[in-house]
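Trainee: File protein17.cif follows (mmCIF, C-alpha atoms):
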data_structure
loop_
_atom_site.group_PDB
_atom_site.id
_atom_site.type_symbol
_atom_site.label_atom_id
_atom_site.label_comp_id
_atom_site.auth_asym_id
_atom_site.auth_seq_id
_atom_site.Cartn_x
_atom_site.Cartn_y
_atom_site.Cartn_z
ATOM 1 C CA MET Y 582 0.000 0.000 0.000
ATOM 2 C CA LYS Y 583 1.002 3.601 -0.566
ATOM 3 C CA TRP Y 584 1.089 6.077 2.290
ATOM 4 C CA ALA Y 585 1.619 9.824 1.962
ATOM 5 C CA THR Y 586 2.785 12.422 4.439
ATOM 6 C CA ARG Y 587 4.319 15.883 4.497
ATOM 7 C CA ALA Y 588 7.967 16.258 3.504
ATOM 8 C CA GLY Y 589 10.395 17.315 6.251
ATOM 9 C CA VAL Y 590 9.675 14.295 8.440
ATOM 10 C CA HIS Y 591 9.868 14.836 12.167
ATOM 11 C CA ILE Y 592 8.900 12.937 15.325
ATOM 12 C CA ASP Y 593 5.218 12.159 14.776
ATOM 13 C CA ARG Y 594 5.636 11.212 11.096
ATOM 14 C CA ALA Y 595 8.760 9.104 11.767
ATOM 15 C CA ALA Y 596 6.906 7.303 14.567
ATOM 16 C CA CYS Y 597 3.785 6.783 12.397
ATOM 17 C CA ALA Y 598 5.839 5.414 9.488
ATOM 18 C CA TRP Y 599 7.544 2.960 11.846
ATOM 19 C CA LEU Y 600 4.162 1.958 13.310
ATOM 20 C CA ILE Y 601 2.655 1.455 9.845
ATOM 21 C CA ARG Y 602 5.594 -0.650 8.671
ATOM 22 C CA THR Y 603 5.840 -2.813 11.799
ATOM 23 C CA HIS Y 604 2.171 -3.234 12.757
ATOM 24 C CA ILE Y 605 -0.109 -2.414 9.816
ATOM 25 C CA ASP Y 606 1.527 -2.818 6.415
ATOM 26 C CA PRO Y 607 4.970 -4.472 6.115
ATOM 27 C CA GLU Y 608 5.034 -3.605 2.393
ATOM 28 C CA ALA Y 609 4.306 0.072 3.051
ATOM 29 C CA GLU Y 610 5.644 2.520 0.498
ATOM 30 C CA PHE Y 611 5.970 6.144 1.622
ATOM 31 C CA VAL Y 612 5.511 9.271 -0.494
ATOM 32 C CA PHE Y 613 6.525 12.711 0.761
ATOM 33 C CA VAL Y 614 4.579 15.721 -0.479
ATOM 34 C CA ASP Y 615 4.863 19.472 0.079
ATOM 35 C CA ASP Y 616 1.142 20.206 -0.066
ATOM 36 C CA ARG Y 617 -1.947 18.202 0.763
ATOM 37 C CA THR Y 618 -3.281 18.631 -2.776
ATOM 38 C CA ALA Y 619 -0.236 16.632 -3.987
ATOM 39 C CA VAL Y 620 -1.245 13.388 -2.224
ATOM 40 C CA PRO Y 621 -1.553 10.637 -4.900
ATOM 41 C CA ALA Y 622 -5.102 9.280 -5.293
ATOM 42 C CA ASP Y 623 -4.042 5.732 -4.342
ATOM 43 C CA ALA Y 624 -2.181 6.788 -1.171
ATOM 44 C CA THR Y 625 -3.462 6.993 2.419
ATOM 45 C CA PRO Y 626 -2.417 10.350 3.892
ATOM 46 C CA PHE Y 627 -1.248 10.555 7.510
ATOM 47 C CA ASP Y 628 -0.088 13.355 9.827
ATOM 48 C CA MET Y 629 -1.441 15.972 7.427
ATOM 49 C CA ARG Y 630 -4.179 18.554 7.812
ATOM 50 C CA GLY Y 631 -7.519 17.264 6.604
ATOM 51 C CA ALA Y 632 -6.467 13.609 6.938
ATOM 52 C CA GLU Y 633 -8.391 11.123 9.064
ATOM 53 C CA LEU Y 634 -5.011 9.930 10.374
ATOM 54 C CA GLY Y 635 -3.982 13.318 11.773
ATOM 55 C CA HIS Y 636 -4.275 15.210 15.053
ATOM 56 C CA HIS Y 637 -7.802 14.857 16.431
ATOM 57 C CA GLN Y 638 -9.414 15.445 19.840
ATOM 58 C CA GLY Y 639 -6.062 16.313 21.366
ATOM 59 C CA ASP Y 640 -4.386 13.138 20.045
ATOM 60 C CA CYS Y 641 -1.269 13.232 17.880
ATOM 61 C CA SER Y 642 -1.308 11.203 14.641
ATOM 62 C CA PHE Y 643 0.440 8.213 16.259
ATOM 63 C CA GLU Y 644 -2.386 7.929 18.808
ATOM 64 C CA THR Y 645 -5.012 8.444 16.097
ATOM 65 C CA ILE Y 646 -3.541 5.528 14.079
ATOM 66 C CA LEU Y 647 -3.467 3.270 17.165
ATOM 67 C CA ARG Y 648 -7.175 3.986 17.728
ATOM 68 C CA ARG Y 649 -8.178 3.711 14.071
ATOM 69 C CA TYR Y 650 -6.441 0.328 13.597
ATOM 70 C CA GLU Y 651 -7.451 -0.873 17.077
ATOM 71 C CA LEU Y 652 -3.917 -1.622 18.202
ATOM 72 C CA HIS Y 653 -4.198 -2.313 21.925
ATOM 73 C CA ASP Y 654 -0.583 -3.335 22.647
ATOM 74 C CA PRO Y 655 0.282 -1.539 25.952
ATOM 75 C CA VAL Y 656 3.892 -1.141 24.792
ATOM 76 C CA LEU Y 657 2.696 0.841 21.760
ATOM 77 C CA TRP Y 658 0.542 3.011 24.007
ATOM 78 C CA LYS Y 659 3.553 3.721 26.219
ATOM 79 C CA ILE Y 660 5.446 4.814 23.081
ATOM 80 C CA ALA Y 661 2.396 6.877 22.120
ATOM 81 C CA GLU Y 662 2.751 8.855 25.371
ATOM 82 C CA ILE Y 663 6.403 9.575 24.574
ATOM 83 C CA VAL Y 664 5.625 10.575 20.970
ATOM 84 C CA HIS Y 665 2.737 12.760 22.169
ATOM 85 C CA GLU Y 666 4.976 14.669 24.592
ATOM 86 C CA ALA Y 667 7.811 14.860 22.046
ATOM 87 C CA ASP Y 668 5.423 16.301 19.461
ATOM 88 C CA LEU Y 669 3.013 18.411 21.514
ATOM 89 C CA ALA Y 670 4.707 18.909 24.911
ATOM 90 C CA ASP Y 671 1.299 19.689 26.425
ATOM 91 C CA GLU Y 672 2.054 17.685 29.607
ATOM 92 C CA ARG Y 673 -0.929 15.412 29.104
ATOM 93 C CA TYR Y 674 1.382 12.518 30.008
ATOM 94 C CA ASP Y 675 4.368 12.111 32.263
ATOM 95 C CA ALA Y 676 6.894 11.137 29.571
ATOM 96 C CA PRO Y 677 10.291 12.695 30.356
ATOM 97 C CA GLU Y 678 11.755 10.811 27.354
ATOM 98 C CA GLY Y 679 9.681 13.056 25.062
ATOM 99 C CA PRO Y 680 11.827 16.218 24.942
ATOM 100 C CA GLY Y 681 15.015 14.146 24.380
ATOM 101 C CA LEU Y 682 13.461 12.132 21.572
ATOM 102 C CA ASP Y 683 12.213 15.364 20.002
ATOM 103 C CA VAL Y 684 15.750 16.798 19.941
ATOM 104 C CA ILE Y 685 17.224 13.594 18.458
ATOM 105 C CA LEU Y 686 14.655 13.409 15.638
ATOM 106 C CA ARG Y 687 14.832 17.147 14.974
ATOM 107 C CA GLY Y 688 18.607 16.900 14.667
ATOM 108 C CA LEU Y 689 18.290 13.933 12.282
ATOM 109 C CA SER Y 690 15.894 15.909 10.105
ATOM 110 C CA MET Y 691 18.626 18.567 9.764
ATOM 111 C CA THR Y 692 21.331 16.177 8.524
ATOM 112 C CA CYS Y 693 19.316 13.490 6.684
ATOM 113 C CA ASP Y 694 16.703 13.336 3.935
ATOM 114 C CA ASP Y 695 13.230 11.931 4.653
ATOM 115 C CA GLU Y 696 14.080 8.359 3.580
ATOM 116 C CA GLN Y 697 17.108 8.348 5.883
ATOM 117 C CA VAL Y 698 15.100 9.798 8.780
ATOM 118 C CA LEU Y 699 12.593 6.948 8.366
ATOM 119 C CA ALA Y 700 15.403 4.359 8.236
ATOM 120 C CA ILE Y 701 17.316 5.675 11.275
ATOM 121 C CA GLY Y 702 14.093 6.601 13.081
ATOM 122 C CA GLY Y 703 12.927 3.021 12.484
ATOM 123 C CA SER Y 704 15.949 1.668 14.361
ATOM 124 C CA ILE Y 705 15.405 4.157 17.189
ATOM 125 C CA PHE Y 706 11.757 3.078 17.551
ATOM 126 C CA ASP Y 707 12.710 -0.618 17.357
ATOM 127 C CA GLY Y 708 15.016 -0.021 20.315
ATOM 128 C CA LEU Y 709 12.454 2.068 22.161
ATOM 129 C CA TYR Y 710 9.855 -0.664 21.645
ATOM 130 C CA GLU Y 711 12.179 -3.348 23.022
ATOM 131 C CA TYR Y 712 13.043 -1.202 26.038
ATOM 132 C CA GLN Y 713 9.413 -0.464 26.827
ATOM 133 C CA ARG Y 714 8.459 -4.113 26.208
ATOM 134 C CA ARG Y 715 10.981 -5.244 28.812
ATOM 135 C CA ALA Y 716 9.832 -2.486 31.189
ATOM 136 C CA VAL Y 717 6.252 -3.763 30.886
ATOM 137 C CA LEU Y 718 7.262 -7.442 31.236
ATOM 138 C CA LEU Y 719 9.639 -6.931 34.178
ATOM 139 C CA ASN Y 720 7.500 -4.211 35.736
ATOM 140 C CA ARG Y 721 10.646 -2.266 36.596
ATOM 141 C CA THR Y 722 13.319 -0.198 34.838
ATOM 142 C CA PRO Y 723 15.090 -2.632 32.498
ATOM 143 C CA GLY Y 724 18.786 -2.688 31.662
ATOM 144 C CA MET T 498 19.446 47.119 9.248
ATOM 145 C CA ARG T 499 17.798 43.718 9.229
ATOM 146 C CA ASN T 500 15.398 42.746 6.503
ATOM 147 C CA ALA T 501 11.791 42.140 7.371
ATOM 148 C CA GLY T 502 11.297 38.509 8.359
ATOM 149 C CA ARG T 503 8.787 35.895 7.339
ATOM 150 C CA TRP T 504 5.879 35.033 9.563
ATOM 151 C CA VAL T 505 3.218 32.361 9.746
ATOM 152 C CA LEU T 506 -0.221 33.865 10.261
ATOM 153 C CA LEU T 507 -3.296 32.063 11.495
ATOM 154 C CA SER T 508 -6.629 33.740 10.997
ATOM 155 C CA TYR T 509 -9.454 31.926 12.706
ATOM 156 C CA ARG T 510 -13.000 32.216 13.913
ATOM 157 C CA MET T 511 -14.794 29.894 16.300
ATOM 158 C CA PRO T 512 -18.391 29.707 17.501
ATOM 159 C CA ARG T 513 -18.902 31.630 20.774
ATOM 160 C CA GLU T 514 -20.623 28.607 22.317
ATOM 161 C CA PRO T 515 -19.555 26.089 23.459
ATOM 162 C CA SER T 516 -16.787 28.126 25.027
ATOM 163 C CA GLN T 517 -14.590 25.205 26.107
ATOM 164 C CA PRO T 518 -12.966 24.488 22.664
ATOM 165 C CA ARG T 519 -12.500 28.222 22.107
ATOM 166 C CA ILE T 520 -10.697 28.543 25.438
ATOM 167 C CA ALA T 521 -8.604 25.421 24.685
ATOM 168 C CA VAL T 522 -7.405 27.002 21.423
ATOM 169 C CA TRP T 523 -6.705 30.294 23.186
ATOM 170 C CA ARG T 524 -4.600 28.489 25.811
ATOM 171 C CA LYS T 525 -2.639 26.585 23.155
ATOM 172 C CA LEU T 526 -1.843 29.833 21.352
ATOM 173 C CA GLU T 527 -0.669 31.362 24.645
ATOM 174 C CA ARG T 528 1.606 28.380 25.212
ATOM 175 C CA LEU T 529 3.181 28.950 21.778
ATOM 176 C CA GLY T 530 3.915 32.588 22.643
ATOM 177 C CA VAL T 531 2.078 34.005 19.618
ATOM 178 C CA ALA T 532 1.735 37.683 18.757
ATOM 179 C CA ARG T 533 -1.894 38.759 18.595
ATOM 180 C CA LEU T 534 -2.243 41.058 15.607
ATOM 181 C CA GLY T 535 -5.982 41.533 15.837
ATOM 182 C CA ASP T 536 -9.262 39.774 16.490
ATOM 183 C CA GLY T 537 -8.712 36.168 15.432
ATOM 184 C CA LEU T 538 -5.372 36.920 13.794
ATOM 185 C CA ILE T 539 -2.148 35.679 15.334
ATOM 186 C CA ALA T 540 1.460 35.401 14.154
ATOM 187 C CA LEU T 541 4.613 33.426 14.830
ATOM 188 C CA PRO T 542 8.014 33.822 13.173
ATOM 189 C CA ALA T 543 8.078 31.383 10.225
ATOM 190 C CA GLY T 544 9.745 28.019 10.749
ATOM 191 C CA ASP T 545 8.938 24.327 10.289
ATOM 192 C CA ARG T 546 7.946 23.961 13.910
ATOM 193 C CA SER T 547 5.740 27.054 14.180
ATOM 194 C CA ARG T 548 4.114 26.249 10.837
ATOM 195 C CA GLU T 549 3.278 22.756 12.013
ATOM 196 C CA GLN T 550 2.018 23.898 15.417
ATOM 197 C CA LEU T 551 -0.327 26.432 13.804
ATOM 198 C CA ASP T 552 -1.441 23.877 11.184
ATOM 199 C CA TRP T 553 -2.695 21.603 13.946
ATOM 200 C CA ILE T 554 -4.402 24.419 15.793
ATOM 201 C CA ALA T 555 -6.125 25.356 12.516
ATOM 202 C CA GLU T 556 -7.273 21.732 12.261
ATOM 203 C CA GLU T 557 -8.606 21.869 15.815
ATOM 204 C CA VAL T 558 -10.524 25.081 15.022
ATOM 205 C CA VAL T 559 -12.126 23.406 11.986
ATOM 206 C CA ASP T 560 -12.860 20.204 13.980
ATOM 207 C CA ASN T 561 -14.806 22.406 16.414
ATOM 208 C CA GLY T 562 -17.014 24.087 13.865
ATOM 209 C CA GLY T 563 -14.818 27.113 13.195
ATOM 210 C CA ALA T 564 -12.924 28.391 10.172
ATOM 211 C CA ALA T 565 -9.155 28.832 9.926
ATOM 212 C CA MET T 566 -6.571 29.846 7.351
ATOM 213 C CA ILE T 567 -2.789 29.717 7.407
ATOM 214 C CA TRP T 568 -0.722 32.316 5.549
ATOM 215 C CA ILE T 569 2.985 32.904 5.143
ATOM 216 C CA ALA T 570 3.559 36.652 5.229
ATOM 217 C CA SER T 571 6.148 39.383 5.515
ATOM 218 C CA PRO T 572 5.421 42.679 7.269
ATOM 219 C CA GLY T 573 4.708 45.799 5.245
ATOM 220 C CA ASP T 574 7.304 47.838 7.093
ATOM 221 C CA ILE T 575 10.093 47.164 9.524
ATOM 222 C CA ALA T 576 8.956 49.494 12.312
ATOM 223 C CA GLN T 577 5.665 47.654 12.447
ATOM 224 C CA GLU T 578 7.433 44.316 12.690
ATOM 225 C CA ARG T 579 9.765 45.677 15.358
ATOM 226 C CA ALA T 580 6.786 46.711 17.489
ATOM 227 C CA VAL T 581 5.403 43.162 17.282
ATOM 228 C CA ILE T 582 8.789 41.658 18.195
ATOM 229 C CA ASP T 583 9.228 44.110 21.094
ATOM 230 C CA GLY T 584 5.819 43.094 22.414
ATOM 231 C CA MET T 585 6.695 39.380 22.264
ATOM 232 C CA ARG T 586 10.078 39.983 23.892
ATOM 233 C CA ALA T 587 8.532 42.052 26.709
ATOM 234 C CA ALA T 588 5.944 39.347 27.411
ATOM 235 C CA ARG T 589 8.676 36.704 27.793
ATOM 236 C CA ALA T 590 10.873 39.053 29.852
ATOM 237 C CA ALA T 591 8.027 39.423 32.368
ATOM 238 C CA GLU T 592 7.728 35.635 32.616
ATOM 239 C CA TYR T 593 11.472 35.249 33.199
ATOM 240 C CA ARG T 594 11.353 37.951 35.889
ATOM 241 C CA ALA T 595 8.602 36.028 37.688
ATOM 242 C CA VAL T 596 10.889 32.955 37.710
ATOM 243 C CA MET T 597 13.785 35.033 39.088
ATOM 244 C CA GLU T 598 11.602 36.375 41.889
ATOM 245 C CA GLN T 599 10.638 32.865 42.908
ATOM 246 C CA ALA T 600 14.251 31.689 42.737
ATOM 247 C CA ALA T 601 15.269 34.492 45.121
ATOM 248 C CA THR T 602 13.411 33.011 48.103
ATOM 249 C CA VAL T 603 15.190 29.852 49.258
ATOM 250 C CA PRO T 604 12.903 27.584 51.298
ATOM 251 C CA ALA T 605 14.595 26.237 54.434
ATOM 252 C CA ASP T 606 12.944 22.833 54.095
ATOM 253 C CA GLU T 607 14.966 20.517 51.835
ATOM 254 C CA ALA T 608 12.012 18.752 50.195
ATOM 255 C CA GLU T 609 10.363 22.071 49.509
ATOM 256 C CA ARG T 610 13.593 23.426 48.001
ATOM 257 C CA THR T 611 13.887 20.436 45.676
ATOM 258 C CA ARG T 612 10.272 20.862 44.599
ATOM 259 C CA LEU T 613 10.826 24.552 43.908
ATOM 260 C CA ILE T 614 13.919 23.861 41.770
ATOM 261 C CA ARG T 615 12.083 21.204 39.778
ATOM 262 C CA ARG T 616 9.086 23.469 39.236
ATOM 263 C CA LEU T 617 11.183 26.466 38.183
ATOM 264 C CA ARG T 618 13.237 24.379 35.740
ATOM 265 C CA ALA T 619 10.068 23.063 34.112
ATOM 266 C CA GLU T 620 8.691 26.588 33.986
ATOM 267 C CA LEU T 621 11.931 27.887 32.401
ATOM 268 C CA ARG T 622 11.757 25.180 29.750
ATOM 269 C CA ARG T 623 8.162 26.102 28.918
ATOM 270 C CA ILE T 624 9.014 29.807 28.642
ATOM 271 C CA THR T 625 12.126 29.141 26.530
ATOM 272 C CA ASP T 626 10.083 26.992 24.135
ATOM 273 C CA ARG T 627 7.840 29.970 23.376
ATOM 274 C CA ASP T 628 10.618 32.567 23.493
ATOM 275 C CA HIS T 629 11.304 33.561 19.887
ATOM 276 C CA PHE T 630 13.407 36.695 20.472
ATOM 277 C CA ALA T 631 15.432 35.978 23.631
ATOM 278 C CA PRO T 632 15.442 38.965 26.010
ATOM 279 C CA ALA T 633 18.427 39.443 28.378
ATOM 280 C CA GLU T 634 16.235 38.076 31.174
ATOM 281 C CA ARG T 635 16.439 34.581 29.683
ATOM 282 C CA GLU T 636 20.066 34.031 30.681
ATOM 283 C CA ALA T 637 19.554 35.844 33.996
ATOM 284 C CA ALA T 638 16.655 33.552 34.901
ATOM 285 C CA ARG T 639 18.602 30.450 33.891
ATOM 286 C CA ILE T 640 21.501 31.541 36.117
ATOM 287 C CA ALA T 641 19.166 32.353 39.032
ATOM 288 C CA VAL T 642 17.644 28.849 38.962
ATOM 289 C CA GLN T 643 21.049 27.192 38.496
ATOM 290 C CA GLU T 644 22.419 29.098 41.505
ATOM 291 C CA LEU T 645 19.460 27.980 43.571
ATOM 292 C CA ALA T 646 20.179 24.367 42.566
ATOM 293 C CA GLU T 647 23.886 24.709 43.377
ATOM 294 C CA LYS T 648 23.075 26.223 46.773
ATOM 295 C CA ASP T 649 20.807 23.241 47.361
ATOM 296 C CA VAL T 650 23.600 20.766 46.515
ATOM 297 C CA THR T 651 26.052 22.601 48.801
ATOM 298 C CA VAL T 652 23.588 22.614 51.702
ATOM 299 C CA ARG T 653 22.913 18.894 51.253
ATOM 300 C CA GLU T 654 26.635 18.038 51.117
ATOM 301 C CA ARG T 655 27.260 19.922 54.336
ATOM 302 C CA ALA T 656 24.436 18.142 56.104
#
Here is a file; write its structure as structure tokens.
Mentor:
Amino acid sequence: MKWATRAGVHIDRAACAWLIRTHIDPEAEFVFVDDRTAVPADATPFDMRGAELGHHQGDCSFETILRRYELHDPVLWKIAEIVHEADLADERYDAPEGPGLDVILRGLSMTCDDEQVLAIGGSIFDGLYEYQRRAVLLNRTPG
Amino acid sequence: MRNAGRWVLLSYRMPREPSQPRIAVWRKLERLGVARLGDGLIALPAGDRSREQLDWIAEEVVDNGGAAMIWIASPGDIAQERAVIDGMRAARAAEYRAVMEQAATVPADEAERTRLIRRLRAELRRITDRDHFAPAEREAARIAVQELAEKDVTVRERA
């Protein structure tokens, strides 16, 4: 399937692309556009204004996708809190990892193109998922 | 002389009732440190982050039955832009001064001191995030909170 999002990928879009690839569509192909009118007809837009998979009712796009695809994995919801605070910093959740993750992804977006941000971001989220998975399983700080 | 900069403008209108979504949008704009140019017209210096933040607020306005437009603009003259920037800088300076005042009173109780330091650091971070034209007070406030924290460490080491 084709998925479209805004060019200049940052935290929420990198996290959504990782989520789509790992939990929704392993064959996902991503298109980056500068304007919402440029979304190809056969692509599902995400993290864009006017898209179903965007920010709604105070949720960031990552949370919207979790709800829409009914992904109930508690580890994903823990990551959702971090992504929410990294993206919106509205203190809805206690996720001190958020500001750090925001800086890392913002820095990447300055030195890498969108494809590279998705590739490196993918590895970062793989690691984050494993860490949070162990935290949930062990019920304590892993490591 | 600096050239006039580029700004992101959000013009929006929301239904008067219910008031809750209107207030939520107002609060979000305050948190971003926007300049209010007129009724339902706000501005932030252009940038990927400010553009994106205003995009999502525009979406929220529309989701709640309002109308919103985003424009990229440059000011018609430099004096006018300078007045807007001065206003934004003065608003942040006042917030930094409030932090400095709180950092000046050192609570005797250790737990209370630690809480104060934590709260002021979080507050500083929030102000800095919406501070687009750093006034001198920014560094002064940072130093005031850091000194409070260092005093706290010294007191604890002595104990």
Trainee: Using 9 Å as the limit and counting all atoms listed in the file, can you tabulate each residue of chain Y that touches chain T, with its shortest atom-to-atom distance in Å and the two atoms involved, as CSV?
Mentor:
residue,atom,partner,partner_atom,distance
Y:Gly589,CA,T:Asp545,CA,8.2
Y:Met629,CA,T:Trp553,CA,8.7
Y:Arg630,CA,T:Glu556,CA,6.3
Y:Gly631,CA,T:Glu556,CA,7.2
Y:Gly635,CA,T:Trp553,CA,8.7
Y:His636,CA,T:Trp553,CA,6.7
Y:His637,CA,T:Glu557,CA,7.1
Y:Gln638,CA,T:Glu557,CA,7.6
Y:Gly639,CA,T:Glu557,CA,8.3
Y:Leu669,CA,T:Gln550,CA,8.3
Y:Ala670,CA,T:Arg623,CA,8.9
Y:Asp671,CA,T:Lys525,CA,8.6
Trainee: Can you tell me how far CA of Tyr650 (chain Y) sits from CA of Ala598 (chain Y), in Å to one decimal?
Mentor: 13.9 Å
Trainee: One decimal, in Å: what's the spacing between CA of Ser704 (chain Y) and CA of Arg622 (chain T)?
Mentor: 28.4 Å
Trainee: Could you pull the residues within 12 Å of Arg618 (chain T), counting only C-alpha atoms, minus those fewer than 5 positions along the same chain, as a PyMOL selection string?
Mentor: chain T and resi 593+596-597+599-600+611-613+623-625+638-646
Trainee: How many Å lie between CA of Asp616 (chain Y) and CA of Val558 (chain T), rounded to one decimal?
Mentor: 19.7 Å
Trainee: Selected by the PyMOL selection byres ((chain Y and resi 676) around 12) in the shown coordinates: which residues, as an NGL selection string?
Mentor: :Y and (658-675 or 677-683)
Trainee: Name the residues that the PyMOL selection byres ((chain Y and resi 710-721) around 8) pulls out of this structure, and write them as a list in words.
Mentor: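 Taken over the shown coordinates, the PyMOL selection byres ((chain Y and resi 710-721) around 8) returns Val656, Leu657, Lys659, Ile660, Phe706, Asp707, Gly708, Leu709, Thr722 and Pro723 of chain Y.
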Trainee: Decode the PyMOL selection byres ((chain T and resi 610) around 12) for the given file into explicit residues and return them as a VMD selection string.
Mentor: chain T and resid 599 to 609 611 to 617 642 645 to 650 652 to 653
Trainee: Go through Y:Val684, Y:Ile601, Y:Met691, Y:Met582 one by one, measure the shortest atom-to-atom distance of each to Gly703 (chain Y) using all atoms listed in the file, and give the residue with the smallest value.
Mentor: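 Smallest distance to Gly703 (chain Y) is found for Y:Ile601.
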Trainee: Write out as a PyMOL selection string which residues come within 10 Å of Leu600 (chain Y) when counting all atoms listed in the file, dropping same-chain ones fewer than 2 positions away.
Mentor: chain Y and resi 594-598+602-607+643+646-647+657+703+706-707
Trainee: Need the shell around region 504-514 of chain T: protein/DNA/RNA residues with any atom at most 7 Å away, counting all atoms listed in the file. Skip same-chain ones fewer than 4 positions apart. Format as a list of chain:residue names?
Mentor: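 In the requested form, the answer reads T:Arg519, T:Gly537, T:Leu538, T:Ile539, T:Ala540, T:Leu541, T:Pro542, T:Ala543, T:Arg548, T:Leu551, T:Val558, T:Gly562, T:Gly563, T:Ala564, T:Ala565, T:Met566, T:Ile567, T:Trp568, T:Ile569, T:Ala570, T:Ser571.
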Trainee: Please complete region 634-649 of chain T with N, CA and C atoms and give it back as a PDB file, in the coordinates of the input.
Mentor:
ATOM      1  N   GLU T 634      16.729  38.773  29.984  1.00  0.00           N
ATOM      2  CA  GLU T 634      16.235  38.076  31.174  1.00  0.00           C
ATOM      3  C   GLU T 634      16.326  36.550  31.058  1.00  0.00           C
ATOM      4  N   ARG T 635      16.404  36.038  29.818  1.00  0.00           N
ATOM      5  CA  ARG T 635      16.439  34.581  29.683  1.00  0.00           C
ATOM      6  C   ARG T 635      17.653  34.008  30.405  1.00  0.00           C
ATOM      7  N   GLU T 636      18.835  34.540  30.078  1.00  0.00           N
ATOM      8  CA  GLU T 636      20.066  34.031  30.681  1.00  0.00           C
ATOM      9  C   GLU T 636      20.069  34.313  32.187  1.00  0.00           C
ATOM     10  N   ALA T 637      19.580  35.490  32.574  1.00  0.00           N
ATOM     11  CA  ALA T 637      19.554  35.844  33.996  1.00  0.00           C
ATOM     12  C   ALA T 637      18.687  34.858  34.782  1.00  0.00           C
ATOM     13  N   ALA T 638      17.562  34.480  34.211  1.00  0.00           N
ATOM     14  CA  ALA T 638      16.655  33.552  34.901  1.00  0.00           C
ATOM     15  C   ALA T 638      17.289  32.169  34.983  1.00  0.00           C
ATOM     16  N   ARG T 639      17.944  31.757  33.897  1.00  0.00           N
ATOM     17  CA  ARG T 639      18.602  30.450  33.891  1.00  0.00           C
ATOM     18  C   ARG T 639      19.655  30.401  35.004  1.00  0.00           C
ATOM     19  N   ILE T 640      20.448  31.490  35.101  1.00  0.00           N
ATOM     20  CA  ILE T 640      21.501  31.541  36.117  1.00  0.00           C
ATOM     21  C   ILE T 640      20.888  31.536  37.521  1.00  0.00           C
ATOM     22  N   ALA T 641      19.807  32.278  37.704  1.00  0.00           N
ATOM     23  CA  ALA T 641      19.166  32.353  39.032  1.00  0.00           C
ATOM     24  C   ALA T 641      18.724  30.966  39.493  1.00  0.00           C
ATOM     25  N   VAL T 642      18.124  30.185  38.586  1.00  0.00           N
ATOM     26  CA  VAL T 642      17.644  28.849  38.962  1.00  0.00           C
ATOM     27  C   VAL T 642      18.830  27.913  39.183  1.00  0.00           C
ATOM     28  N   GLN T 643      19.860  28.034  38.347  1.00  0.00           N
ATOM     29  CA  GLN T 643      21.049  27.192  38.496  1.00  0.00           C
ATOM     30  C   GLN T 643      21.724  27.467  39.844  1.00  0.00           C
ATOM     31  N   GLU T 644      21.789  28.753  40.223  1.00  0.00           N
ATOM     32  CA  GLU T 644      22.419  29.098  41.505  1.00  0.00           C
ATOM     33  C   GLU T 644      21.624  28.518  42.668  1.00  0.00           C
ATOM     34  N   LEU T 645      20.318  28.571  42.547  1.00  0.00           N
ATOM     35  CA  LEU T 645      19.460  27.980  43.571  1.00  0.00           C
ATOM     36  C   LEU T 645      19.760  26.483  43.701  1.00  0.00           C
ATOM     37  N   ALA T 646      19.904  25.808  42.563  1.00  0.00           N
ATOM     38  CA  ALA T 646      20.179  24.367  42.566  1.00  0.00           C
ATOM     39  C   ALA T 646      21.551  24.094  43.169  1.00  0.00           C
ATOM     40  N   GLU T 647      22.544  24.927  42.834  1.00  0.00           N
ATOM     41  CA  GLU T 647      23.886  24.709  43.377  1.00  0.00           C
ATOM     42  C   GLU T 647      23.929  24.949  44.879  1.00  0.00           C
ATOM     43  N   LYS T 648      23.191  25.966  45.337  1.00  0.00           N
ATOM     44  CA  LYS T 648      23.075  26.223  46.773  1.00  0.00           C
ATOM     45  C   LYS T 648      22.493  24.995  47.459  1.00  0.00           C
ATOM     46  N   ASP T 649      21.496  24.412  46.811  1.00  0.00           N
ATOM     47  CA  ASP T 649      20.807  23.241  47.361  1.00  0.00           C
ATOM     48  C   ASP T 649      21.788  22.086  47.511  1.00  0.00           C
TER      49      ASP T 649
END
